[in-house]
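Structure file structure.cif; described as mmCIF, C-alpha atoms.
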data_query
#
loop_
_atom_site.label_atom_id
_atom_site.label_comp_id
_atom_site.auth_asym_id
_atom_site.auth_seq_id
_atom_site.Cartn_x
_atom_site.Cartn_y
_atom_site.Cartn_z
CA MET A 255 9.84 -140.70 -89.91
CA ALA A 256 11.00 -139.38 -93.25
CA ASP A 257 8.07 -136.93 -93.30
CA ILE A 258 9.14 -135.42 -89.98
CA GLU A 259 12.70 -135.10 -91.21
CA ARG A 260 11.46 -133.38 -94.38
CA ILE A 261 9.23 -131.03 -92.35
CA ASN A 262 12.21 -130.11 -90.16
CA PHE A 263 14.46 -129.62 -93.18
CA LEU A 264 11.94 -127.31 -94.85
CA ALA A 265 11.42 -125.36 -91.61
CA LYS A 266 15.16 -124.82 -91.25
CA LYS A 267 15.48 -123.82 -94.89
CA ALA A 268 12.56 -121.38 -94.54
CA LYS A 269 14.37 -119.66 -91.69
CA THR A 270 17.71 -119.44 -93.49
CA THR A 271 17.27 -119.04 -97.24
CA GLY A 272 13.53 -119.12 -97.80
CA LEU A 273 11.35 -121.59 -99.67
CA THR A 274 10.30 -121.78 -103.29
CA PRO A 275 6.53 -121.79 -103.90
CA GLU A 276 6.67 -125.53 -104.59
CA GLU A 277 8.51 -126.17 -101.32
CA ALA A 278 6.04 -124.01 -99.42
CA LYS A 279 3.15 -126.09 -100.83
CA GLU A 280 4.99 -129.30 -99.92
CA GLN A 281 5.63 -128.01 -96.39
CA LYS A 282 1.98 -127.12 -95.93
CA LYS A 283 0.81 -130.54 -97.18
CA LEU A 284 3.30 -132.40 -94.98
CA ARG A 285 2.25 -130.40 -91.91
CA GLU A 286 -1.46 -130.99 -92.60
CA ASP A 287 -0.87 -134.74 -92.99
CA TYR A 288 1.19 -134.85 -89.80
CA VAL A 289 -1.42 -132.99 -87.75
CA ALA A 290 -4.24 -135.16 -89.12
CA GLY A 291 -2.35 -138.32 -88.17
CA PHE A 292 -1.60 -136.94 -84.72
CA ARG A 293 -5.28 -136.13 -84.16
CA ARG A 294 -6.36 -139.61 -85.30
CA SER A 295 -3.89 -141.20 -82.93
CA LEU A 296 -4.97 -139.05 -79.99
CA GLN A 297 -8.66 -139.68 -80.71
CA SER A 298 -8.02 -143.42 -80.82
CA GLN A 299 -6.28 -143.26 -77.44
CA LEU A 300 -9.13 -141.29 -75.92
CA ASP A 301 -11.75 -143.61 -77.42
CA ASN A 302 -10.09 -146.53 -75.66
CA THR A 303 -9.55 -144.83 -72.30
CA ILE A 304 -11.39 -146.23 -69.30
CA VAL A 305 -11.72 -144.20 -66.09
CA LEU A 306 -11.74 -146.12 -62.81
CA ARG A 307 -13.65 -144.39 -60.05
CA PRO A 308 -12.78 -144.75 -56.34
CA ASP A 309 -15.89 -146.91 -55.79
CA GLY A 310 -14.52 -149.48 -58.26
CA THR A 311 -16.79 -148.70 -61.20
CA ALA A 312 -15.34 -148.12 -64.62
CA HIS A 313 -16.63 -146.06 -67.52
CA ARG A 314 -15.38 -144.98 -70.91
CA LEU A 315 -14.79 -141.36 -71.74
CA GLN A 316 -17.56 -139.77 -73.76
CA ARG A 317 -17.05 -137.29 -76.55
CA LYS A 318 -18.54 -133.87 -76.04
CA ASP A 319 -19.75 -133.72 -79.64
CA GLY A 320 -21.77 -136.93 -79.18
CA LYS A 321 -19.94 -138.95 -81.88
CA LYS A 322 -18.73 -142.47 -81.25
#
What does this structure look like when you write it as C-alpha cells?
Amino acid sequence: MADIERINFLAKKAKTTGLTPEEAKEQKKLREDYVAGFRRSLQSQLDNTIVLRPDGTAHRLQRKDGKK
C-alpha cells in the first residue's frame, strides 16, 4: 500500500511543482512494478476461471496466445 501512496504523492507533486529527475525515475519504476503486479494478479484470476455452460458442462478459459 505504501507504493500506491508514493505513486499518488509523486503524481500530485508532478502536477503542482514538478519532479526532479530522480523522482521521475522513481515514479516510472513504481508504476511499472504496480502494472506488472496487476497483470500477474489478473492473469492468475483468469487462469483459474471456470465457465459453466447451460448444459451443465464446465471448461477453463484458454489463452489466445496458447501459453498455459
If we count all atoms listed in the file, what is near stretch 311-315 of chain A at a cut-off of 10 Å, once residues fewer than 4 positions away on the same chain are taken out, given as a short mmCIF file (atom, residue, chain, number, x, y, z; two decimals) with C-alpha atoms, in the coordinates of the input?
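This is the output file around26.cif:
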data_model
loop_
_atom_site.label_atom_id
_atom_site.label_comp_id
_atom_site.auth_asym_id
_atom_site.auth_seq_id
_atom_site.Cartn_x
_atom_site.Cartn_y
_atom_site.Cartn_z
CA LEU A 300 -9.13 -141.29 -75.92
CA ASP A 301 -11.75 -143.61 -77.42
CA ASN A 302 -10.09 -146.53 -75.66
CA THR A 303 -9.55 -144.83 -72.30
CA ILE A 304 -11.39 -146.23 -69.30
CA VAL A 305 -11.72 -144.20 -66.09
CA LEU A 306 -11.74 -146.12 -62.81
CA ARG A 307 -13.65 -144.39 -60.05
#
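Across A:Gly310, A:Arg294, A:Leu264, A:Gln299, the tightest approach to A:Glu280 is made by A:Leu264 when counting all atoms listed in the file.
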Item to check | Using only C-alpha atoms: which of A:Glu276, A:Asp309, A:Ser295, A:Gln281 has the shortest distance to A:Phe263 | outcome: A:Gln281
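Summary of the local environment: counting only C-alpha atoms, residues at most 12 Å from A:Ile261, other than itself and those fewer than 4 positions away along its chain, are A:Met255, A:Ala256, A:Asp257, A:Ala265, A:Lys266, A:Lys267, A:Ala268, A:Glu277, A:Ala278, A:Lys279, A:Glu280, A:Gln281, A:Lys282, A:Lys283, A:Leu284, A:Arg285, A:Glu286, A:Asp287, A:Tyr288, A:Val289.
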